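Engineer: Here you go, data27.cif (mmCIF, C-alpha atoms and all ligand atoms):
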data_query
#
loop_
_atom_site.label_atom_id
_atom_site.label_comp_id
_atom_site.auth_asym_id
_atom_site.auth_seq_id
_atom_site.Cartn_x
_atom_site.Cartn_y
_atom_site.Cartn_z
CA MET A 1 -53.76 30.79 -41.73
CA PRO A 2 -50.31 31.82 -42.95
CA ASN A 3 -49.76 35.48 -43.68
CA SER A 4 -49.89 36.09 -47.47
CA ALA A 5 -46.41 37.70 -47.29
CA THR A 6 -45.00 34.36 -46.19
CA THR A 7 -46.66 32.19 -48.86
CA VAL A 8 -44.47 33.14 -51.84
CA ALA A 9 -44.23 30.07 -54.06
CA VAL A 10 -40.68 28.75 -54.03
CA HIS A 11 -39.80 26.13 -56.59
CA PRO A 12 -38.36 23.02 -54.94
CA TYR A 13 -35.15 23.25 -56.96
CA HIS A 14 -34.32 26.93 -56.79
CA ASP A 15 -34.71 29.72 -54.34
CA ALA A 16 -33.56 32.52 -56.66
CA GLY A 17 -37.17 33.45 -57.37
CA PRO A 18 -39.82 32.09 -59.69
CA GLU A 19 -39.62 35.15 -61.95
CA LEU A 20 -36.20 34.22 -63.43
CA THR A 21 -36.07 32.51 -66.81
CA GLY A 22 -34.46 29.10 -67.14
CA ALA A 23 -31.34 30.59 -68.75
CA GLU A 24 -31.02 33.18 -65.97
CA LEU A 25 -31.42 30.48 -63.35
CA MET A 26 -28.56 28.45 -64.83
CA ARG A 27 -26.34 31.50 -65.19
CA ALA A 28 -27.09 32.69 -61.64
CA ASN A 29 -25.02 29.90 -60.14
CA PRO A 30 -22.91 27.81 -62.56
CA TYR A 31 -21.78 25.58 -59.66
CA ARG A 32 -25.29 24.39 -58.94
CA PRO A 33 -26.10 20.93 -60.30
CA TRP A 34 -29.65 20.74 -61.67
CA PRO A 35 -31.47 17.48 -60.95
CA ALA A 36 -31.88 15.29 -64.02
CA ARG A 37 -33.62 11.94 -64.33
CA ILE A 38 -32.13 9.04 -66.25
CA THR A 39 -34.74 8.24 -68.89
CA SER A 40 -32.95 5.68 -71.00
CA ILE A 41 -29.80 3.55 -70.88
CA THR A 42 -28.37 1.79 -73.92
CA GLU A 43 -25.44 -0.57 -73.68
CA LEU A 44 -23.11 0.27 -76.55
CA THR A 45 -20.13 -1.97 -75.79
CA ALA A 46 -18.82 -3.89 -72.79
CA THR A 47 -17.48 -0.64 -71.29
CA GLU A 48 -19.60 2.15 -72.76
CA LYS A 49 -23.22 3.09 -72.19
CA LEU A 50 -25.37 5.84 -73.68
CA PHE A 51 -27.44 7.60 -71.02
CA GLU A 52 -30.37 9.87 -71.76
CA PHE A 53 -31.21 12.46 -69.12
CA ARG A 54 -34.16 14.78 -68.72
CA LEU A 55 -33.70 17.86 -66.54
CA VAL A 56 -36.43 17.85 -63.90
CA ASP A 57 -37.07 21.60 -63.76
CA ASP A 58 -39.30 22.60 -66.68
CA LYS A 59 -37.79 26.06 -67.15
CA VAL A 60 -34.20 24.82 -66.99
CA ARG A 61 -34.95 21.93 -69.36
CA GLU A 62 -36.53 24.24 -71.91
CA ALA A 63 -33.66 26.73 -71.68
CA PHE A 64 -30.88 24.17 -71.93
CA CYS A 65 -29.12 24.43 -75.29
CA HIS A 66 -25.59 23.59 -76.36
CA ALA A 67 -23.15 23.63 -79.26
CA PRO A 68 -21.68 20.35 -80.55
CA GLY A 69 -18.41 19.74 -78.68
CA GLN A 70 -19.51 21.30 -75.40
CA PHE A 71 -19.61 19.28 -72.19
CA VAL A 72 -21.52 19.13 -68.92
CA GLU A 73 -20.39 18.43 -65.38
CA LEU A 74 -22.31 15.35 -64.34
CA SER A 75 -22.69 14.64 -60.63
CA ILE A 76 -23.84 11.64 -58.68
CA PHE A 77 -24.87 12.98 -55.30
CA GLY A 78 -22.59 11.71 -52.57
CA VAL A 79 -20.16 10.21 -55.10
CA GLY A 80 -18.61 12.99 -57.17
CA GLU A 81 -18.62 14.88 -60.43
CA ALA A 82 -17.04 14.40 -63.88
CA PRO A 83 -16.90 16.34 -67.15
CA ILE A 84 -18.69 14.47 -69.96
CA SER A 85 -19.19 15.59 -73.57
CA ILE A 86 -22.72 16.02 -74.82
CA SER A 87 -23.37 13.35 -77.39
CA SER A 88 -26.82 14.39 -78.59
CA SER A 89 -27.48 17.01 -81.23
CA PRO A 90 -28.52 20.56 -80.30
CA THR A 91 -31.32 20.13 -82.82
CA LYS A 92 -33.01 17.72 -80.41
CA ARG A 93 -34.24 19.55 -77.32
CA GLY A 94 -35.68 18.34 -74.01
CA PHE A 95 -33.11 15.65 -73.28
CA ILE A 96 -29.34 15.24 -73.08
CA GLU A 97 -27.42 12.15 -74.19
CA LEU A 98 -24.04 11.28 -72.71
CA CYS A 99 -21.90 8.37 -73.81
CA VAL A 100 -19.86 7.23 -70.83
CA ARG A 101 -16.97 4.79 -70.57
CA ARG A 102 -16.56 2.87 -67.32
CA ALA A 103 -13.14 4.13 -66.25
CA GLY A 104 -13.00 4.45 -62.46
CA ARG A 105 -15.00 5.13 -59.31
CA PHE A 106 -17.43 7.75 -60.64
CA THR A 107 -18.20 6.16 -63.98
CA GLU A 108 -18.44 2.70 -62.39
CA ARG A 109 -21.18 4.02 -60.09
CA LEU A 110 -22.97 5.68 -63.03
CA HIS A 111 -22.95 2.39 -64.92
CA GLN A 112 -24.75 0.75 -61.97
CA MET A 113 -27.56 3.33 -62.04
CA GLN A 114 -31.02 2.58 -63.39
CA CYS A 115 -33.67 4.52 -65.33
CA GLY A 116 -35.61 6.83 -63.02
CA GLU A 117 -32.65 7.64 -60.76
CA ILE A 118 -31.60 11.26 -60.30
CA VAL A 119 -28.19 12.80 -61.07
CA GLY A 120 -27.02 16.43 -61.23
CA ILE A 121 -26.08 18.35 -64.36
CA ARG A 122 -24.24 21.69 -64.63
CA GLY A 123 -23.49 23.38 -67.90
CA PRO A 124 -23.17 23.29 -70.83
CA PHE A 125 -19.57 24.48 -70.65
CA GLY A 126 -16.69 25.22 -72.98
CA ARG A 127 -16.27 26.11 -76.61
CA GLY A 128 -17.62 23.65 -79.14
CA PHE A 129 -17.00 23.10 -82.85
CA PRO A 130 -17.61 26.17 -85.05
CA ILE A 131 -20.73 24.76 -86.65
CA ASP A 132 -21.93 28.10 -87.96
CA ASP A 133 -18.63 28.62 -89.83
CA MET A 134 -18.93 25.07 -91.18
CA ARG A 135 -22.30 25.75 -92.80
CA GLY A 136 -22.00 25.93 -96.58
CA HIS A 137 -18.73 23.96 -96.49
CA ASP A 138 -17.61 20.35 -96.77
CA VAL A 139 -16.84 18.69 -93.44
CA LEU A 140 -14.44 15.85 -92.72
CA LEU A 141 -14.99 14.29 -89.29
CA VAL A 142 -12.48 11.86 -87.82
CA ALA A 143 -13.16 10.02 -84.56
CA GLY A 144 -11.08 7.44 -82.76
CA GLY A 145 -12.59 5.28 -80.00
CA LEU A 146 -14.48 7.31 -77.39
CA GLY A 147 -13.78 10.43 -79.49
CA ILE A 148 -17.05 9.57 -81.24
CA ALA A 149 -18.89 10.85 -78.11
CA PRO A 150 -18.52 14.60 -78.80
CA LEU A 151 -18.31 14.15 -82.58
CA ARG A 152 -21.66 12.35 -82.60
CA SER A 153 -23.28 15.61 -81.48
CA LEU A 154 -21.78 17.36 -84.51
CA ILE A 155 -22.53 14.46 -86.87
CA ASN A 156 -26.17 14.28 -85.79
CA ASN A 157 -26.51 18.06 -85.98
CA ILE A 158 -25.21 18.02 -89.56
CA HIS A 159 -27.56 15.11 -90.32
CA ASP A 160 -30.58 17.08 -89.06
CA GLU A 161 -29.60 20.16 -91.09
CA ARG A 162 -28.06 18.24 -93.98
CA SER A 163 -28.92 20.73 -96.73
CA GLU A 164 -26.84 23.43 -95.03
CA PHE A 165 -23.57 21.53 -95.49
CA GLY A 166 -21.59 20.37 -98.49
CA LYS A 167 -19.96 16.98 -98.75
CA VAL A 168 -19.78 15.18 -95.39
CA THR A 169 -17.14 12.51 -94.80
CA ILE A 170 -16.98 10.54 -91.54
CA ILE A 171 -14.07 8.33 -90.55
CA TYR A 172 -14.50 6.39 -87.33
CA GLY A 173 -11.82 4.02 -86.10
CA SER A 174 -11.98 1.50 -83.25
CA ARG A 175 -9.54 -1.07 -81.97
CA ASN A 176 -11.74 -4.04 -82.87
CA PRO A 177 -15.35 -4.71 -84.00
CA ALA A 178 -16.59 -5.23 -80.42
CA GLU A 179 -15.59 -1.66 -79.57
CA VAL A 180 -17.48 0.04 -82.42
CA MET A 181 -20.12 2.28 -80.87
CA PHE A 182 -23.41 3.31 -82.51
CA ARG A 183 -22.86 0.48 -84.98
CA HIS A 184 -26.54 0.29 -85.85
CA GLN A 185 -26.70 3.98 -86.81
CA PHE A 186 -23.52 3.79 -88.87
CA GLU A 187 -24.53 0.54 -90.57
CA MET A 188 -27.63 2.36 -91.85
CA TRP A 189 -25.62 5.38 -92.95
CA ARG A 190 -23.20 3.25 -94.96
CA HIS A 191 -25.89 3.00 -97.61
CA ARG A 192 -26.64 6.72 -97.76
CA ARG A 193 -25.36 8.79 -100.62
CA ASP A 194 -25.18 12.05 -98.68
CA PHE A 195 -22.58 10.75 -96.19
CA ASP A 196 -19.24 9.19 -97.08
CA LEU A 197 -18.66 6.86 -94.18
CA TYR A 198 -15.53 4.88 -93.43
CA LEU A 199 -15.48 2.54 -90.45
CA THR A 200 -12.10 1.06 -89.61
CA VAL A 201 -10.84 -1.35 -86.98
CA ASP A 202 -7.20 -1.92 -86.07
CA HIS A 203 -7.80 -5.66 -85.79
CA ALA A 204 -10.65 -7.25 -87.76
CA ASP A 205 -12.39 -10.56 -87.11
CA GLU A 206 -14.87 -12.67 -89.07
CA THR A 207 -17.78 -10.33 -88.12
CA TRP A 208 -16.14 -7.35 -89.85
CA ASP A 209 -16.69 -6.45 -93.47
CA GLY A 210 -15.31 -2.91 -93.26
CA GLU A 211 -11.76 -1.65 -93.56
CA GLU A 212 -8.91 -3.00 -91.41
CA GLY A 213 -6.19 -0.59 -90.40
CA LEU A 214 -5.62 2.63 -88.50
CA VAL A 215 -8.06 5.52 -88.68
CA THR A 216 -5.68 7.23 -91.13
CA LYS A 217 -6.02 4.43 -93.71
CA PRO A 218 -9.14 5.74 -95.52
CA PHE A 219 -7.22 8.95 -96.32
CA GLU A 220 -5.47 6.92 -99.05
CA HIS A 221 -8.59 7.10 -101.21
CA LEU A 222 -10.30 10.27 -99.96
CA GLU A 223 -11.16 12.95 -102.46
CA ILE A 224 -11.20 16.29 -100.69
CA ASN A 225 -11.92 19.74 -102.00
CA ALA A 226 -9.32 21.34 -99.73
CA GLU A 227 -10.40 24.92 -100.45
CA ASN A 228 -13.82 24.23 -99.03
CA THR A 229 -13.27 21.70 -96.23
CA PHE A 230 -13.35 21.91 -92.44
CA GLY A 231 -11.71 19.11 -90.44
CA ALA A 232 -12.97 18.05 -87.00
CA LEU A 233 -11.30 15.36 -84.94
CA CYS A 234 -11.46 13.74 -81.55
CA GLY A 235 -9.81 10.63 -80.19
CA PRO A 236 -6.88 9.35 -78.18
CA PRO A 237 -3.95 11.81 -77.94
CA VAL A 238 -1.69 9.69 -80.17
CA MET A 239 -4.14 10.05 -83.05
CA TYR A 240 -3.97 13.83 -83.45
CA ARG A 241 -0.52 14.20 -84.92
CA PHE A 242 -1.15 11.55 -87.58
CA VAL A 243 -4.65 12.67 -88.55
CA VAL A 244 -3.60 16.31 -88.80
CA ALA A 245 -0.66 15.24 -91.01
CA GLU A 246 -3.09 13.40 -93.32
CA MET A 247 -5.40 16.41 -93.44
CA ARG A 248 -2.45 18.60 -94.36
CA LYS A 249 -1.42 16.16 -97.12
CA LYS A 250 -4.90 16.78 -98.53
CA ASN A 251 -4.16 20.53 -98.27
CA ILE A 252 -6.86 21.33 -95.72
CA SER A 253 -5.94 24.67 -94.20
CA TYR A 254 -4.63 24.64 -90.61
CA ASP A 255 -7.14 27.42 -89.91
CA ARG A 256 -9.97 25.00 -90.59
CA ILE A 257 -8.78 22.05 -88.52
CA TYR A 258 -10.51 21.73 -85.13
CA MET A 259 -9.91 19.16 -82.41
CA SER A 260 -11.30 18.38 -78.98
CA PHE A 261 -9.05 17.76 -75.98
CA GLU A 262 -9.60 16.18 -72.59
CA ARG A 263 -7.78 17.44 -69.54
CA HIS A 264 -8.45 16.73 -65.87
CA MET A 265 -10.81 19.47 -64.78
CA LYS A 266 -13.08 20.32 -61.87
CA CYS A 267 -15.06 23.56 -61.94
CA GLY A 268 -15.76 23.84 -65.67
CA VAL A 269 -15.82 27.64 -65.52
CA GLY A 270 -12.14 28.65 -65.57
CA LYS A 271 -11.72 29.26 -61.85
CA CYS A 272 -10.03 26.25 -60.24
CA GLY A 273 -7.09 26.06 -62.67
CA HIS A 274 -6.98 22.25 -62.85
CA CYS A 275 -7.15 22.24 -66.65
CA GLN A 276 -4.80 25.16 -67.26
CA ILE A 277 -2.43 24.65 -70.19
CA GLY A 278 -0.05 27.59 -70.48
CA HIS A 279 -2.25 30.66 -70.68
CA GLN A 280 -5.38 28.70 -71.62
CA TYR A 281 -8.01 26.80 -69.68
CA CYS A 282 -9.27 23.70 -71.40
CA CYS A 283 -12.72 24.15 -69.83
CA ILE A 284 -13.45 27.63 -71.19
CA ASP A 285 -10.99 28.14 -74.07
CA GLY A 286 -11.63 24.54 -75.20
CA PRO A 287 -12.28 21.68 -75.14
CA VAL A 288 -12.37 22.35 -78.90
CA PHE A 289 -9.31 24.18 -80.21
CA ASN A 290 -8.24 24.97 -83.72
CA TYR A 291 -4.88 23.74 -84.99
CA TRP A 292 -2.92 26.87 -84.08
CA GLU A 293 -4.23 26.93 -80.53
CA ALA A 294 -3.69 23.18 -80.14
CA LYS A 295 -0.09 23.47 -81.32
CA ASN A 296 0.71 25.40 -78.17
CA ILE A 297 -0.74 22.74 -75.92
CA GLN A 298 2.19 20.80 -74.58
CA GLY A 299 2.31 17.17 -75.68
CA SER A 300 -0.78 17.44 -77.88
CA MET A 301 0.72 17.54 -81.36
C1 LIG B 401 -14.07 17.93 -71.58
C2 LIG B 401 -14.13 16.47 -71.22
C3 LIG B 401 -15.07 15.66 -71.84
C4 LIG B 401 -15.16 14.31 -71.53
N1 LIG B 401 -16.08 13.56 -72.16
C5 LIG B 401 -16.22 12.27 -71.84
C6 LIG B 401 -17.23 11.48 -72.48
O1 LIG B 401 -18.00 11.94 -73.33
N2 LIG B 401 -17.35 10.19 -72.08
C7 LIG B 401 -16.52 9.62 -71.14
O2 LIG B 401 -16.69 8.45 -70.82
N3 LIG B 401 -15.54 10.34 -70.54
C8 LIG B 401 -15.38 11.64 -70.87
N4 LIG B 401 -14.41 12.40 -70.25
C9 LIG B 401 -13.51 11.73 -69.28
C10 LIG B 401 -14.23 11.57 -67.94
O3 LIG B 401 -14.41 12.84 -67.36
C11 LIG B 401 -13.38 10.69 -67.03
O4 LIG B 401 -13.31 9.40 -67.59
C12 LIG B 401 -14.01 10.58 -65.66
O5 LIG B 401 -13.84 11.77 -64.97
C13 LIG B 401 -13.34 9.46 -64.90
O6 LIG B 401 -13.83 9.47 -63.57
P1 LIG B 401 -13.78 8.13 -62.69
O7 LIG B 401 -13.92 8.50 -61.25
O8 LIG B 401 -14.73 7.13 -63.23
O9 LIG B 401 -12.35 7.58 -62.97
P2 LIG B 401 -10.95 7.97 -62.24
O10 LIG B 401 -10.73 6.95 -61.16
O11 LIG B 401 -10.94 9.40 -61.85
O12 LIG B 401 -10.01 7.72 -63.43
C14 LIG B 401 -9.99 6.49 -64.17
C15 LIG B 401 -9.03 6.65 -65.33
O13 LIG B 401 -9.50 7.68 -66.21
C16 LIG B 401 -8.52 8.69 -66.35
N5 LIG B 401 -9.17 10.01 -66.40
C17 LIG B 401 -9.87 10.60 -65.42
N6 LIG B 401 -10.29 11.81 -65.79
C18 LIG B 401 -9.84 11.99 -67.05
C19 LIG B 401 -9.90 13.05 -67.98
N7 LIG B 401 -10.51 14.20 -67.74
N8 LIG B 401 -9.31 12.87 -69.18
C20 LIG B 401 -8.67 11.74 -69.47
N9 LIG B 401 -8.55 10.70 -68.63
C21 LIG B 401 -9.13 10.83 -67.44
C22 LIG B 401 -7.64 8.57 -65.13
O14 LIG B 401 -6.34 9.07 -65.38
C23 LIG B 401 -7.63 7.08 -64.88
O15 LIG B 401 -6.71 6.43 -65.70
C24 LIG B 401 -14.28 13.74 -70.56
C25 LIG B 401 -13.33 14.56 -69.93
C26 LIG B 401 -13.26 15.89 -70.27
C27 LIG B 401 -12.24 16.75 -69.62
#
What does the file become when written as structure tokens?
Ligand SMILES: Cc1cc2nc3c(=O)[nH]c(=O)nc-3n(C[C@H](O)[C@H](O)[C@H](O)COP(=O)(O)OP(=O)(O)OC[C@H]3O[C@@H](n4cnc5c(N)ncnc54)[C@H](O)[C@@H]3O)c2cc1C
Structural biologist:
Amino acid sequence: MPNSATTVAVHPYHDAGPELTGAELMRANPYRPWPARITSITELTATEKLFEFRLVDDKVREAFCHAPGQFVELSIFGVGEAPISISSSPTKRGFIELCVRRAGRFTERLHQMQCGEIVGIRGPFGRGFPIDDMRGHDVLLVAGGLGIAPLRSLINNIHDERSEFGKVTIIYGSRNPAEVMFRHQFEMWRHRRDFDLYLTVDHADETWDGEEGLVTKPFEHLEINAENTFGALCGPPVMYRFVVAEMRKKNISYDRIYMSFERHMKCGVGKCGHCQIGHQYCCIDGPVFNYWEAKNIQGSM
């Protein structure tokens, strides 16, 4: 018979002690990936998939909460780790959705994985969109291409708490109809009165009945109450300068324009310095910056 002093229950995934709460466990070691099971995979386009993950540890899963715009470090054991924005809304707990483009070695391997397989998740990390400041105001969201991944978290959060926000306008631009992600969701929203939705493609084909042109085109007929509007944008770097210029033409205050940036990063907690831009670290000071902060990021605006 083992001595009772040696039979302390140790959870298979942590040795810090069963008495810690889930939040304390995650804080105790931010470098530790928590096992998560892939519970659903949806093919969005030829190169993007939406993965749903469920953290295996009950306490950690229950404690996990994020702000729209934050990201996690996703690891495939024996392959590597990558920062990926959280695409699901904080209003939906118990699972995490990530929308991932097949870009290179890591994401290629992820795209080969099946439901039931285990990955690692650290986080959430970084500063997200200021959703609490946005409450009670109009919000204009502009996404280009994969920029819809972090903005979807904000969009779905606003959707779930719709009465807390004023007018909501969404502009989402893709290169062509085949690259439009979450098309089903947006097709349904096109008929809703409480969202003004503009889908644009740079190059239309016969399947497209939306607008053709750059993501800035819908600004031509937007009616904005500048005094009361927050702008949020995410997309390819070239987009920022032009979208911000359009927002300014509509007199939205620079103070209320927020944008998400991607930089190569490793640790996610402001230690390794890979994502340092001047005096800021993209991983902890961003990835969401307001206009004034973004202006100081070289090559961004
Ligand atoms: C805060 C943050 C959030 C992100 N969110 C998402 C997301 O929601 N969905 C998604 O698909 N990707 C996202 N990325 C990018 C993702 O991390 C990279 O695509 C991934 O690391 C590529 O790894 P790989 O081994 O597959 O490709 P690699 O072989 O490492 O690279 C393939 C190509 O992608 C480029 N690349 C690699 N890392 C980055 C990066 N950090 N930023 C820009 N280009 C990069 C490389 O320059 C190369 O051209 C995010 C990055 C950051 C920093």
Engineer: For ligand LIG 401 (chain B), return the neighbouring residues as a VMD selection string (distance at most 7 Å; all atoms listed in the file).
Structural biologist: chain A and resid 71 82 to 87 98 to 108 146 149 to 150 261 to 265 283 287
Engineer: Counting only C-alpha atoms, note down every residue that has an atom within 10 Å of the point (-6.8, 29.0, -70.3) (file coordinates), as a list of chain:residue names.
Structural biologist: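 Every residue inside that radius is included here: A:Gly270, A:Lys271, A:Gly273, A:Cys275, A:Gln276, A:Ile277, A:Gly278, A:His279, A:Gln280, A:Tyr281, A:Cys282, A:Cys283, A:Ile284, A:Asp285, A:Gly286.
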Engineer: Considering all atoms listed in the file, can you say which of A:Ala23, A:Arg183, A:Gly120, A:Glu62 comes closest to A:Pro35?
Structural biologist: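 So, comparing all the options, the nearest one is A:Gly120.
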Engineer: Quick one: distance from atom CA of A:Val72 to atom CA of A:Gly126 in Å, one decimal?
Structural biologist: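 Between atom CA of A:Val72 and atom CA of A:Gly126 the gap is 8.8 Å.
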Engineer: Is it possible to get the residues within 8 Å of (-8.1, 24.6, -92.1) (coordinates as in the file, counting all atoms listed in the file) written as a PyMOL selection string?
Structural biologist: chain A and resi 229-231+252-258+291
Engineer: Which one of A:Glu97, A:Ile155, A:His137, A:Glu187 sits closest to A:Glu227 if you count only C-alpha atoms?
Structural biologist: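 So, comparing all the options, the nearest one is A:His137.
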Engineer: Let me make sure I understand: among A:Thr91, A:Ser75, A:Asn176, A:Thr200, which one has the smallest atom-to-atom distance to A:Arg162 if we use only C-alpha atoms?
Structural biologist: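 That would be A:Thr91, the residue with the smallest distance to A:Arg162.
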Engineer: At what distance in Å, to one decimal, does atom CA of A:Ser163 lie from atom CA of A:Ala226?
Structural biologist: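 About the pair atom CA of A:Ala226 and atom CA of A:Ser163: they are 19.8 Å apart.
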Engineer: Between A:Arg122, A:Val79, A:Lys92, A:Glu43, which residue has the minimum interatomic distance to A:Leu55, considering all atoms listed in the file?
Structural biologist: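 Of the candidates, the smallest distance to A:Leu55 is held by A:Arg122.
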Engineer: Please, what distance in Å, to one decimal, runs between atom CA of A:Ser88 and atom CA of A:Cys115?
Structural biologist: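 Result for atom CA of A:Ser88 versus atom CA of A:Cys115: 17.9 Å, one decimal.
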Engineer: May I have the residues within 6 Å of A:Ser89 as an MDAnalysis selection string, using all atoms listed in the file and disregarding those fewer than 3 positions away in the same chain?
Structural biologist: chainID A and resid 92 153 156:157
Engineer: Rank A:Ile224, A:Pro218, A:Ala178, A:Ile297 by their smallest atom-to-atom distance to A:Leu44, using all atoms listed in the file, and report the top residue only.
Structural biologist: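 With all atoms listed in the file as the atom set, the closest residue is A:Ala178.
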